[in-house]
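Q: Dropping a structure here in C-alpha cells format, bear with me for questions.
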Amino acid sequence: MKLFKKESKIEKEEYFSFCVEGIYEHKNDELFVLGIVDGIIQKLDSLFLIGPYGYEEKVEIQEWIEVDSKQNYYALLIDQCFQEEIDQGYIFTNKNNHLASSREEVYNPYLQFLLDQVNRQHYDYLDILFEQLATRAYFLAVFDYQDFPIYQINDKKYYPIYTSQLEMNKDQKCKNKKGSVYSFDDYSRMCLNQDKLDGIIINPYHKERSIVLNKDVIQHIRTIKEKNIKTYAKAKSYLKDRKRRQKYEIDYES
C-alpha cells in the first residue's frame with residue numbers, strides 16, 4: 001500500500017465522495033476506514049462525514065492510503081473517537097452543503113450515494129432516500145412554460161430534475177438555458193398540479209443516479225414530510241451518535 005503525502009494546495013476544486021464500506025481499529029487510537037471514491041479525489045486534511053437522517057460532522061483526516069486505485073479503493077485514518085458515530089453507508093465528501101453560494105448551483109452528495117445504492121437493488125436504503133427527498137433535497141431544473149421540458153418513457157411523460165449542474169448539462173434540451181434551484185417539495189407540488197405529467201424523473205441521463213417517481217410515490221413522499229416534520233425536529237438532538245439514532249428508529253417504527 002502506498003501512502004500519500006498531504007497536499008497543501010488544491011488547484012481546482014472538484015466534487016467527490018468517499019463511501020464507507022468498512023471500519024477497523026488501527027494503532028495509536030486511529031480508525032482505518034475503507035471505502036470507494038466516486039469522482040476526482042482530493043487528499044484533503046478534513047472532510048464532511050454525512051449519514052442518514054441529517055447526520056453531519058466535520059472530520060480531520062490524519063492520512064490517506066491507496067488500496068487499489070484501479071477499483072477506486074482507498075482508506076482513511078481518522079481519530080478513534082468517531083467509532084460510535086460512523087457506520088457503513090455513510091460518506092465523506094468535500095461538499096457538505098446542498099446549496100452553493102450561487103442559487104444556480106446545488107450539491108447532493110448523500111442523495112447521489114442513495115440513488116446509487118437503490119439502483120444497485122440495495123432497497124434497505126429506500127426509506128432513507130424518501131426521507132432525504134422529503135426533508136432536505138434541492139434540485140436544478142429548467143422552468144420554461146413556452147417549451148416545457150418533458151422526458152418521455154413509452155407513453156408516460158415525466159418532468160426531469162437534476163442533482164447537480166453536471167447532470168443537467170447531459171440533457172441537450174437544457175443547453176444554453178438557465179437552471180433554477182428548488183426543493184423537491186416545490187417540484188412535487190408543480191408535478192401533482194400538472195395533468196399532462198405522470199411524475200418526476202431524477203437524473204434521466206445517468207444510469208446509476210436516476211430514478212422515476214410516479215405521482216403515487218410523490219404523494220407518499222409528501223405524506224412522509226407532513227406526517228413527520230415535527231418528529232424530525234424533536235429527534236434532531238438524538239442524531240449525534242449511532243446508539244441514540246438506532247433507539248429513535250426502533251421507537252418510531254413501533
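Chain labels run A, B, ... following the order of the C-alpha cells; each chain numbers its residues from 1, and ligands are numbered from 1 in the order shown.
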Compile the contact shell of region 168-174 of chain A as a PyMOL selection string: residues with an atom at most 9 Å away, counting only C-alpha atoms, same-chain residues fewer than 6 positions apart removed.
A: chain A and resi 140-142+149+161-162+203-206
Q: Output C-alpha atoms for every residue in that selection, as a tab-separated table (two decimals), in the first residue's frame.
A:
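So selection.tsv came out as:
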```tsv
chain	number	residue	atom	x	y	z
A	140	LEU	CA	-31.76	22.03	-10.61
A	141	ALA	CA	-34.31	22.24	-13.43
A	142	VAL	CA	-35.35	24.44	-16.32
A	149	PRO	CA	-39.21	20.16	-20.54
A	161	ILE	CA	-34.82	17.39	-12.40
A	162	TYR	CA	-31.08	17.13	-11.67
A	203	ASN	CA	-31.08	12.49	-13.47
A	204	PRO	CA	-32.55	10.85	-16.61
A	205	TYR	CA	-29.12	10.68	-18.29
A	206	HIS	CA	-27.23	8.90	-15.50
```
Q: Do a neighbour search on Tyr182 (chain A) at 10 Å with only C-alpha atoms, toss out local chain neighbours closer than 2 positions, and write the hits as a PDB file with all heavy atoms, in the first residue's frame.
A:
```
ATOM      1  N   LEU A  99     -26.883  23.587  -1.110  1.00  0.00           N
ATOM      2  CA  LEU A  99     -26.876  24.763  -1.972  1.00  0.00           C
ATOM      3  C   LEU A  99     -25.527  25.447  -1.906  1.00  0.00           C
ATOM      4  O   LEU A  99     -24.990  25.680  -0.832  1.00  0.00           O
ATOM      5  CB  LEU A  99     -27.963  25.748  -1.540  1.00  0.00           C
ATOM      6  CG  LEU A  99     -29.403  25.261  -1.685  1.00  0.00           C
ATOM      7  CD1 LEU A  99     -30.357  26.303  -1.120  1.00  0.00           C
ATOM      8  CD2 LEU A  99     -29.736  24.980  -3.126  1.00  0.00           C
ATOM      9  N   ARG A 103     -27.349  30.626  -6.276  1.00  0.00           N
ATOM     10  CA  ARG A 103     -28.612  29.903  -6.360  1.00  0.00           C
ATOM     11  C   ARG A 103     -28.716  29.091  -7.643  1.00  0.00           C
ATOM     12  O   ARG A 103     -29.697  28.403  -7.878  1.00  0.00           O
ATOM     13  CB  ARG A 103     -29.781  30.892  -6.294  1.00  0.00           C
ATOM     14  CG  ARG A 103     -30.022  31.470  -4.922  1.00  0.00           C
ATOM     15  CD  ARG A 103     -30.573  30.452  -3.963  1.00  0.00           C
ATOM     16  NE  ARG A 103     -31.903  29.994  -4.345  1.00  0.00           N
ATOM     17  CZ  ARG A 103     -32.583  29.074  -3.697  1.00  0.00           C
ATOM     18  NH1 ARG A 103     -32.048  28.481  -2.648  1.00  0.00           N
ATOM     19  NH2 ARG A 103     -33.789  28.713  -4.097  1.00  0.00           N
ATOM     20  N   GLU A 104     -27.699  29.175  -8.492  1.00  0.00           N
ATOM     21  CA  GLU A 104     -27.714  28.401  -9.721  1.00  0.00           C
ATOM     22  C   GLU A 104     -26.957  27.081  -9.559  1.00  0.00           C
ATOM     23  O   GLU A 104     -26.849  26.317 -10.501  1.00  0.00           O
ATOM     24  CB  GLU A 104     -27.111  29.209 -10.869  1.00  0.00           C
ATOM     25  CG  GLU A 104     -27.899  30.478 -11.191  1.00  0.00           C
ATOM     26  CD  GLU A 104     -27.217  31.321 -12.237  1.00  0.00           C
ATOM     27  OE1 GLU A 104     -26.283  30.802 -12.881  1.00  0.00           O
ATOM     28  OE2 GLU A 104     -27.605  32.486 -12.402  1.00  0.00           O
ATOM     29  N   VAL A 106     -26.097  23.526  -7.040  1.00  0.00           N
ATOM     30  CA  VAL A 106     -26.646  22.668  -5.995  1.00  0.00           C
ATOM     31  C   VAL A 106     -25.772  21.425  -5.887  1.00  0.00           C
ATOM     32  O   VAL A 106     -25.259  20.927  -6.885  1.00  0.00           O
ATOM     33  CB  VAL A 106     -28.116  22.302  -6.303  1.00  0.00           C
ATOM     34  CG1 VAL A 106     -28.236  21.568  -7.621  1.00  0.00           C
ATOM     35  CG2 VAL A 106     -28.736  21.492  -5.190  1.00  0.00           C
ATOM     36  N   ALA A 137     -33.694  17.772   0.169  1.00  0.00           N
ATOM     37  CA  ALA A 137     -33.140  17.660  -1.182  1.00  0.00           C
ATOM     38  C   ALA A 137     -33.508  18.869  -2.039  1.00  0.00           C
ATOM     39  O   ALA A 137     -34.659  19.290  -2.067  1.00  0.00           O
ATOM     40  CB  ALA A 137     -33.643  16.384  -1.859  1.00  0.00           C
ATOM     41  N   TYR A 138     -32.502  19.425  -2.721  1.00  0.00           N
ATOM     42  CA  TYR A 138     -32.696  20.519  -3.671  1.00  0.00           C
ATOM     43  C   TYR A 138     -32.200  20.073  -5.040  1.00  0.00           C
ATOM     44  O   TYR A 138     -31.233  19.314  -5.145  1.00  0.00           O
ATOM     45  CB  TYR A 138     -31.947  21.774  -3.223  1.00  0.00           C
ATOM     46  CG  TYR A 138     -32.584  22.452  -2.046  1.00  0.00           C
ATOM     47  CD1 TYR A 138     -32.327  22.015  -0.747  1.00  0.00           C
ATOM     48  CD2 TYR A 138     -33.454  23.521  -2.228  1.00  0.00           C
ATOM     49  CE1 TYR A 138     -32.923  22.630   0.341  1.00  0.00           C
ATOM     50  CE2 TYR A 138     -34.055  24.143  -1.144  1.00  0.00           C
ATOM     51  CZ  TYR A 138     -33.779  23.699   0.138  1.00  0.00           C
ATOM     52  OH  TYR A 138     -34.382  24.297   1.222  1.00  0.00           O
ATOM     53  N   PHE A 139     -32.864  20.576  -6.082  1.00  0.00           N
ATOM     54  CA  PHE A 139     -32.547  20.136  -7.442  1.00  0.00           C
ATOM     55  C   PHE A 139     -32.501  21.316  -8.399  1.00  0.00           C
ATOM     56  O   PHE A 139     -33.140  22.350  -8.182  1.00  0.00           O
ATOM     57  CB  PHE A 139     -33.604  19.147  -7.940  1.00  0.00           C
ATOM     58  CG  PHE A 139     -33.668  17.870  -7.178  1.00  0.00           C
ATOM     59  CD1 PHE A 139     -34.473  17.760  -6.058  1.00  0.00           C
ATOM     60  CD2 PHE A 139     -32.915  16.770  -7.567  1.00  0.00           C
ATOM     61  CE1 PHE A 139     -34.542  16.579  -5.341  1.00  0.00           C
ATOM     62  CE2 PHE A 139     -32.979  15.592  -6.854  1.00  0.00           C
ATOM     63  CZ  PHE A 139     -33.790  15.490  -5.744  1.00  0.00           C
ATOM     64  N   LEU A 140     -31.765  21.101  -9.493  1.00  0.00           N
ATOM     65  CA  LEU A 140     -31.757  22.034 -10.612  1.00  0.00           C
ATOM     66  C   LEU A 140     -32.770  21.579 -11.654  1.00  0.00           C
ATOM     67  O   LEU A 140     -32.933  20.386 -11.887  1.00  0.00           O
ATOM     68  CB  LEU A 140     -30.376  22.055 -11.269  1.00  0.00           C
ATOM     69  CG  LEU A 140     -29.348  23.071 -10.764  1.00  0.00           C
ATOM     70  CD1 LEU A 140     -27.991  22.740 -11.362  1.00  0.00           C
ATOM     71  CD2 LEU A 140     -29.749  24.491 -11.140  1.00  0.00           C
ATOM     72  N   ALA A 141     -33.410  22.543 -12.315  1.00  0.00           N
ATOM     73  CA  ALA A 141     -34.310  22.236 -13.431  1.00  0.00           C
ATOM     74  C   ALA A 141     -34.499  23.497 -14.252  1.00  0.00           C
ATOM     75  O   ALA A 141     -34.150  24.598 -13.824  1.00  0.00           O
ATOM     76  CB  ALA A 141     -35.648  21.706 -12.937  1.00  0.00           C
ATOM     77  N   ILE A 161     -35.550  16.532 -13.337  1.00  0.00           N
ATOM     78  CA  ILE A 161     -34.815  17.387 -12.405  1.00  0.00           C
ATOM     79  C   ILE A 161     -33.446  16.753 -12.156  1.00  0.00           C
ATOM     80  O   ILE A 161     -33.251  15.554 -12.380  1.00  0.00           O
ATOM     81  CB  ILE A 161     -35.577  17.596 -11.077  1.00  0.00           C
ATOM     82  CG1 ILE A 161     -35.829  16.262 -10.362  1.00  0.00           C
ATOM     83  CG2 ILE A 161     -36.890  18.317 -11.333  1.00  0.00           C
ATOM     84  CD1 ILE A 161     -36.523  16.430  -9.011  1.00  0.00           C
ATOM     85  N   GLY A 179     -30.775  27.332 -15.278  1.00  0.00           N
ATOM     86  CA  GLY A 179     -31.447  26.450 -14.337  1.00  0.00           C
ATOM     87  C   GLY A 179     -31.894  27.187 -13.086  1.00  0.00           C
ATOM     88  O   GLY A 179     -31.324  28.218 -12.716  1.00  0.00           O
ATOM     89  N   SER A 180     -32.921  26.672 -12.458  1.00  0.00           N
ATOM     90  CA  SER A 180     -33.425  27.217 -11.197  1.00  0.00           C
ATOM     91  C   SER A 180     -33.325  26.144 -10.125  1.00  0.00           C
ATOM     92  O   SER A 180     -33.479  24.960 -10.401  1.00  0.00           O
ATOM     93  CB  SER A 180     -34.880  27.664 -11.344  1.00  0.00           C
ATOM     94  OG  SER A 180     -35.003  28.668 -12.332  1.00  0.00           O
ATOM     95  N   PHE A 184     -37.340  19.579  -3.485  1.00  0.00           N
ATOM     96  CA  PHE A 184     -38.167  18.524  -4.069  1.00  0.00           C
ATOM     97  C   PHE A 184     -39.643  18.791  -3.796  1.00  0.00           C
ATOM     98  O   PHE A 184     -40.506  18.495  -4.632  1.00  0.00           O
ATOM     99  CB  PHE A 184     -37.769  17.157  -3.501  1.00  0.00           C
ATOM    100  CG  PHE A 184     -38.577  16.032  -4.074  1.00  0.00           C
ATOM    101  CD1 PHE A 184     -38.267  15.496  -5.311  1.00  0.00           C
ATOM    102  CD2 PHE A 184     -39.672  15.510  -3.383  1.00  0.00           C
ATOM    103  CE1 PHE A 184     -39.026  14.470  -5.857  1.00  0.00           C
ATOM    104  CE2 PHE A 184     -40.430  14.484  -3.919  1.00  0.00           C
ATOM    105  CZ  PHE A 184     -40.103  13.969  -5.164  1.00  0.00           C
ATOM    106  N   ASP A 185     -39.949  19.373  -2.645  1.00  0.00           N
ATOM    107  CA  ASP A 185     -41.324  19.694  -2.304  1.00  0.00           C
ATOM    108  C   ASP A 185     -41.928  20.665  -3.320  1.00  0.00           C
ATOM    109  O   ASP A 185     -43.093  20.526  -3.724  1.00  0.00           O
ATOM    110  CB  ASP A 185     -41.367  20.302  -0.897  1.00  0.00           C
ATOM    111  CG  ASP A 185     -42.747  20.235  -0.270  1.00  0.00           C
ATOM    112  OD1 ASP A 185     -43.431  19.223  -0.464  1.00  0.00           O
ATOM    113  OD2 ASP A 185     -43.132  21.200   0.395  1.00  0.00           O
ATOM    114  N   ASP A 186     -41.145  21.657  -3.760  1.00  0.00           N
ATOM    115  CA  ASP A 186     -41.625  22.611  -4.766  1.00  0.00           C
ATOM    116  C   ASP A 186     -41.932  21.904  -6.087  1.00  0.00           C
ATOM    117  O   ASP A 186     -42.977  22.135  -6.706  1.00  0.00           O
ATOM    118  CB  ASP A 186     -40.567  23.706  -5.012  1.00  0.00           C
ATOM    119  CG  ASP A 186     -40.340  24.571  -3.789  1.00  0.00           C
ATOM    120  OD1 ASP A 186     -41.303  24.838  -3.063  1.00  0.00           O
ATOM    121  OD2 ASP A 186     -39.181  24.971  -3.568  1.00  0.00           O
ATOM    122  N   TYR A 187     -41.011  21.046  -6.521  1.00  0.00           N
ATOM    123  CA  TYR A 187     -41.217  20.325  -7.786  1.00  0.00           C
ATOM    124  C   TYR A 187     -42.400  19.362  -7.693  1.00  0.00           C
ATOM    125  O   TYR A 187     -43.151  19.186  -8.658  1.00  0.00           O
ATOM    126  CB  TYR A 187     -39.953  19.551  -8.167  1.00  0.00           C
ATOM    127  CG  TYR A 187     -38.802  20.432  -8.575  1.00  0.00           C
ATOM    128  CD1 TYR A 187     -37.616  20.426  -7.857  1.00  0.00           C
ATOM    129  CD2 TYR A 187     -38.886  21.264  -9.688  1.00  0.00           C
ATOM    130  CE1 TYR A 187     -36.553  21.229  -8.229  1.00  0.00           C
ATOM    131  CE2 TYR A 187     -37.829  22.072 -10.065  1.00  0.00           C
ATOM    132  CZ  TYR A 187     -36.657  22.055  -9.328  1.00  0.00           C
ATOM    133  OH  TYR A 187     -35.611  22.854  -9.706  1.00  0.00           O
TER     134      TYR A 187
END
```
Q: Please return, as a PyMOL selection string, all residues of region 82-170 of chain A that DSSP assigns to strand (DSSP E) on the basis of the backbone.
A: chain A and resi 91-93+138-141+151-153+156-161
Q: Got time to write the residues from that selection, all heavy atoms, as a CSV table (one decimal), in the first residue's frame?
A:
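Result file is selection-v5.csv:
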```csv
chain,number,residue,atom,x,y,z
A,91,ILE,N,-20.9,8.7,4.0
A,91,ILE,CA,-19.9,9.1,3.1
A,91,ILE,C,-19.1,10.3,3.7
A,91,ILE,O,-19.6,11.0,4.5
A,91,ILE,CB,-20.6,9.6,1.7
A,91,ILE,CG1,-21.4,10.9,1.9
A,91,ILE,CG2,-21.4,8.5,1.1
A,91,ILE,CD1,-21.7,11.6,0.6
A,92,PHE,N,-17.9,10.4,3.2
A,92,PHE,CA,-17.0,11.5,3.4
A,92,PHE,C,-17.0,12.3,2.1
A,92,PHE,O,-17.0,11.7,1.0
A,92,PHE,CB,-15.6,11.1,3.7
A,92,PHE,CG,-15.4,10.6,5.1
A,92,PHE,CD1,-15.5,9.2,5.3
A,92,PHE,CD2,-15.0,11.4,6.1
A,92,PHE,CE1,-15.3,8.7,6.6
A,92,PHE,CE2,-14.8,10.9,7.4
A,92,PHE,CZ,-14.9,9.5,7.6
A,93,THR,N,-17.2,13.6,2.2
A,93,THR,CA,-17.2,14.5,1.0
A,93,THR,C,-16.6,15.8,1.2
A,93,THR,O,-16.6,16.3,2.4
A,93,THR,CB,-18.7,14.6,0.5
A,93,THR,OG1,-18.7,15.5,-0.6
A,93,THR,CG2,-19.6,15.1,1.6
A,138,TYR,N,-32.5,19.4,-2.7
A,138,TYR,CA,-32.7,20.5,-3.7
A,138,TYR,C,-32.2,20.1,-5.0
A,138,TYR,O,-31.2,19.3,-5.1
A,138,TYR,CB,-31.9,21.8,-3.2
A,138,TYR,CG,-32.6,22.5,-2.0
A,138,TYR,CD1,-32.3,22.0,-0.7
A,138,TYR,CD2,-33.5,23.5,-2.2
A,138,TYR,CE1,-32.9,22.6,0.3
A,138,TYR,CE2,-34.1,24.1,-1.1
A,138,TYR,CZ,-33.8,23.7,0.1
A,138,TYR,OH,-34.4,24.3,1.2
A,139,PHE,N,-32.9,20.6,-6.1
A,139,PHE,CA,-32.5,20.1,-7.4
A,139,PHE,C,-32.5,21.3,-8.4
A,139,PHE,O,-33.1,22.3,-8.2
A,139,PHE,CB,-33.6,19.1,-7.9
A,139,PHE,CG,-33.7,17.9,-7.2
A,139,PHE,CD1,-34.5,17.8,-6.1
A,139,PHE,CD2,-32.9,16.8,-7.6
A,139,PHE,CE1,-34.5,16.6,-5.3
A,139,PHE,CE2,-33.0,15.6,-6.9
A,139,PHE,CZ,-33.8,15.5,-5.7
A,140,LEU,N,-31.8,21.1,-9.5
A,140,LEU,CA,-31.8,22.0,-10.6
A,140,LEU,C,-32.8,21.6,-11.7
A,140,LEU,O,-32.9,20.4,-11.9
A,140,LEU,CB,-30.4,22.1,-11.3
A,140,LEU,CG,-29.3,23.1,-10.8
A,140,LEU,CD1,-28.0,22.7,-11.4
A,140,LEU,CD2,-29.7,24.5,-11.1
A,141,ALA,N,-33.4,22.5,-12.3
A,141,ALA,CA,-34.3,22.2,-13.4
A,141,ALA,C,-34.5,23.5,-14.3
A,141,ALA,O,-34.2,24.6,-13.8
A,141,ALA,CB,-35.6,21.7,-12.9
A,151,TYR,N,-39.5,14.5,-20.3
A,151,TYR,CA,-38.8,13.2,-20.6
A,151,TYR,C,-39.8,12.1,-20.8
A,151,TYR,O,-40.6,11.9,-19.8
A,151,TYR,CB,-37.8,12.9,-19.5
A,151,TYR,CG,-36.8,11.8,-19.8
A,151,TYR,CD1,-35.6,12.0,-20.5
A,151,TYR,CD2,-37.1,10.5,-19.5
A,151,TYR,CE1,-34.8,11.0,-20.8
A,151,TYR,CE2,-36.3,9.5,-19.8
A,151,TYR,CZ,-35.1,9.7,-20.4
A,151,TYR,OH,-34.2,8.7,-20.7
A,152,GLN,N,-39.8,11.5,-21.9
A,152,GLN,CA,-40.9,10.5,-22.2
A,152,GLN,C,-40.4,9.1,-22.2
A,152,GLN,O,-39.3,8.8,-22.7
A,152,GLN,CB,-41.5,10.8,-23.6
A,152,GLN,CG,-42.8,10.0,-23.8
A,152,GLN,CD,-43.7,10.7,-24.9
A,152,GLN,OE1,-43.6,11.9,-25.1
A,152,GLN,NE2,-44.6,9.9,-25.4
A,153,ILE,N,-41.1,8.2,-21.5
A,153,ILE,CA,-40.8,6.8,-21.4
A,153,ILE,C,-42.1,6.1,-21.9
A,153,ILE,O,-43.1,6.1,-21.2
A,153,ILE,CB,-40.4,6.3,-20.0
A,153,ILE,CG1,-39.2,7.1,-19.5
A,153,ILE,CG2,-40.1,4.8,-20.0
A,153,ILE,CD1,-38.8,6.8,-18.1
A,156,LYS,N,-45.6,7.5,-21.2
A,156,LYS,CA,-45.6,8.3,-19.9
A,156,LYS,C,-44.7,9.5,-20.1
A,156,LYS,O,-43.6,9.4,-20.7
A,156,LYS,CB,-45.1,7.4,-18.8
A,156,LYS,CG,-46.0,6.2,-18.5
A,156,LYS,CD,-47.4,6.5,-18.1
A,156,LYS,CE,-48.2,5.2,-17.8
A,156,LYS,NZ,-49.5,5.5,-17.4
A,157,LYS,N,-45.1,10.6,-19.4
A,157,LYS,CA,-44.3,11.9,-19.5
A,157,LYS,C,-43.9,12.3,-18.1
A,157,LYS,O,-44.7,12.3,-17.2
A,157,LYS,CB,-45.2,13.0,-20.2
A,157,LYS,CG,-45.5,12.7,-21.6
A,157,LYS,CD,-46.3,13.8,-22.2
A,157,LYS,CE,-46.6,13.5,-23.7
A,157,LYS,NZ,-47.5,14.6,-24.3
A,158,TYR,N,-42.6,12.6,-18.0
A,158,TYR,CA,-42.0,13.0,-16.7
A,158,TYR,C,-41.3,14.3,-16.7
A,158,TYR,O,-40.7,14.6,-17.8
A,158,TYR,CB,-41.0,11.9,-16.2
A,158,TYR,CG,-41.7,10.5,-16.1
A,158,TYR,CD1,-41.7,9.6,-17.1
A,158,TYR,CD2,-42.4,10.2,-14.9
A,158,TYR,CE1,-42.3,8.4,-17.0
A,158,TYR,CE2,-43.0,8.9,-14.7
A,158,TYR,CZ,-43.0,8.0,-15.8
A,158,TYR,OH,-43.6,6.8,-15.7
A,159,TYR,N,-41.3,15.0,-15.6
A,159,TYR,CA,-40.6,16.3,-15.5
A,159,TYR,C,-39.2,15.9,-15.0
A,159,TYR,O,-39.0,15.4,-13.9
A,159,TYR,CB,-41.3,17.2,-14.6
A,159,TYR,CG,-40.7,18.6,-14.5
A,159,TYR,CD1,-40.9,19.5,-15.5
A,159,TYR,CD2,-39.8,18.9,-13.5
A,159,TYR,CE1,-40.4,20.8,-15.5
A,159,TYR,CE2,-39.2,20.2,-13.4
A,159,TYR,CZ,-39.5,21.1,-14.5
A,159,TYR,OH,-38.9,22.4,-14.4
A,160,PRO,N,-38.1,16.3,-15.8
A,160,PRO,CA,-36.7,16.0,-15.4
A,160,PRO,C,-36.1,17.0,-14.4
A,160,PRO,O,-36.2,18.2,-14.7
A,160,PRO,CB,-36.0,16.0,-16.7
A,160,PRO,CG,-36.7,17.0,-17.6
A,160,PRO,CD,-38.2,16.9,-17.1
A,161,ILE,N,-35.5,16.5,-13.3
A,161,ILE,CA,-34.8,17.4,-12.4
A,161,ILE,C,-33.4,16.8,-12.2
A,161,ILE,O,-33.3,15.6,-12.4
A,161,ILE,CB,-35.6,17.6,-11.1
A,161,ILE,CG1,-35.8,16.3,-10.4
A,161,ILE,CG2,-36.9,18.3,-11.3
A,161,ILE,CD1,-36.5,16.4,-9.0
```
Q: Between A:Phe143, A:Glu21, A:Tyr55, A:Leu133, which has the minimum distance to Glu85 (chain A) (counting only C-alpha atoms)?
A: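 Of all the options, A:Tyr55 lies closest to Glu85 (chain A).
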Q: Do a neighbour search on Glu25 (chain A) at 10 Å with only C-alpha atoms, toss out local chain neighbours closer than 6 positions, and write the hits as a PyMOL selection string.
A: chain A and resi 31-33+77+79-80+83
Q: Interatomic distance between CA of Trp64 (chain A) and CA of Asp38 (chain A)?
A: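 One can read the CA of Trp64 (chain A) to CA of Asp38 (chain A) distance as 15.2 Å.
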Q: Residues at most 8 Å from region 119-126 of chain A, counting only C-alpha atoms, excluding those fewer than 2 positions away in the same chain, as JSON, numbers by chain?
A: {"A": [114, 115, 116, 117, 128, 129, 130, 208, 209, 210, 211]}
Q: Going by DSSP on the backbone, which bits of region 105-149 of chain A are helix (DSSP H, G or I)? Write them as a list in words, please.
A: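 Helix (DSSP H, G or I) members of region 105-149 of chain A, listed: Pro109, Tyr110, Leu111, Gln112, Phe113, Leu114, Leu115, Asp116, Gln117, Val118, Asn119, Tyr123, Asp124, Tyr125, Leu126, Asp127, Ile128, Leu129, Phe130, Glu131, Gln132, Leu133, Ala134 and Thr135 of chain A.
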Q: Check the smallest atom-to-atom distance from each of A:Gln219, A:Asn72, A:Gln62, A:Ser183 to Gly35 (chain A) using only C-alpha atoms, then report the winner.
A: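 Looking at the shortest contact to Gly35 (chain A), the residue is A:Asn72.
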Q: Do a neighbour search on Gly22 (chain A) at 10 Å with only C-alpha atoms, toss out local chain neighbours closer than 2 positions, and write the hits as a PyMOL selection string.
A: chain A and resi 19-20+24+32-35+75+86-89
Q: Which residue out of A:Gln42, A:Glu105, A:Gly51, A:Arg189 has the minimum interatomic distance to Tyr74 (chain A) when only C-alpha atoms are used?
A: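 With only C-alpha atoms as the atom set, the closest residue is A:Gln42.
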Q: For Gln132 (chain A), which of A:Phe113, A:Lys95, A:Ile150, A:Cys81 is the closest residue, counting only C-alpha atoms?
A: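 Closest residue, counting only C-alpha atoms: A:Phe113.
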Q: What is the distance, in Å and to one decimal place, between CA of Tyr53 (chain A) and CA of His26 (chain A)?
A: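 CA of His26 (chain A) lies at a distance of 28.1 Å from CA of Tyr53 (chain A).
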Q: I'd like to know which of A:Val181, A:Val37, A:Leu197, A:Leu192 is closest to Asp155 (chain A), using only C-alpha atoms.
A: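 So, comparing all the options, the nearest one is A:Leu197.
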Q: Name the closest residue to Pro109 (chain A) among the candidates A:Thr223, A:Thr135, A:Asn154, A:Thr163; distances are taken between atoms, counting only C-alpha atoms.
A: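 Under the stated criterion, the closest residue is A:Thr163.
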Q: For His220 (chain A), list every protein, DNA or RNA residue within 12 Å, evaluated using only C-alpha atoms, and leave out those in the same chain fewer than 4 positions away; present the list as a list of chain:residue names.
A: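 Once the nearby chain positions are removed, what remains is A:Asp127, A:Phe130, A:Glu131, A:Leu133, A:Ala134, A:Asp185, A:Ser188, A:Leu192, A:Leu213, A:Asn214, A:Lys215, A:Asp216, A:Ile224, A:Lys225, A:Glu226, A:Lys227.
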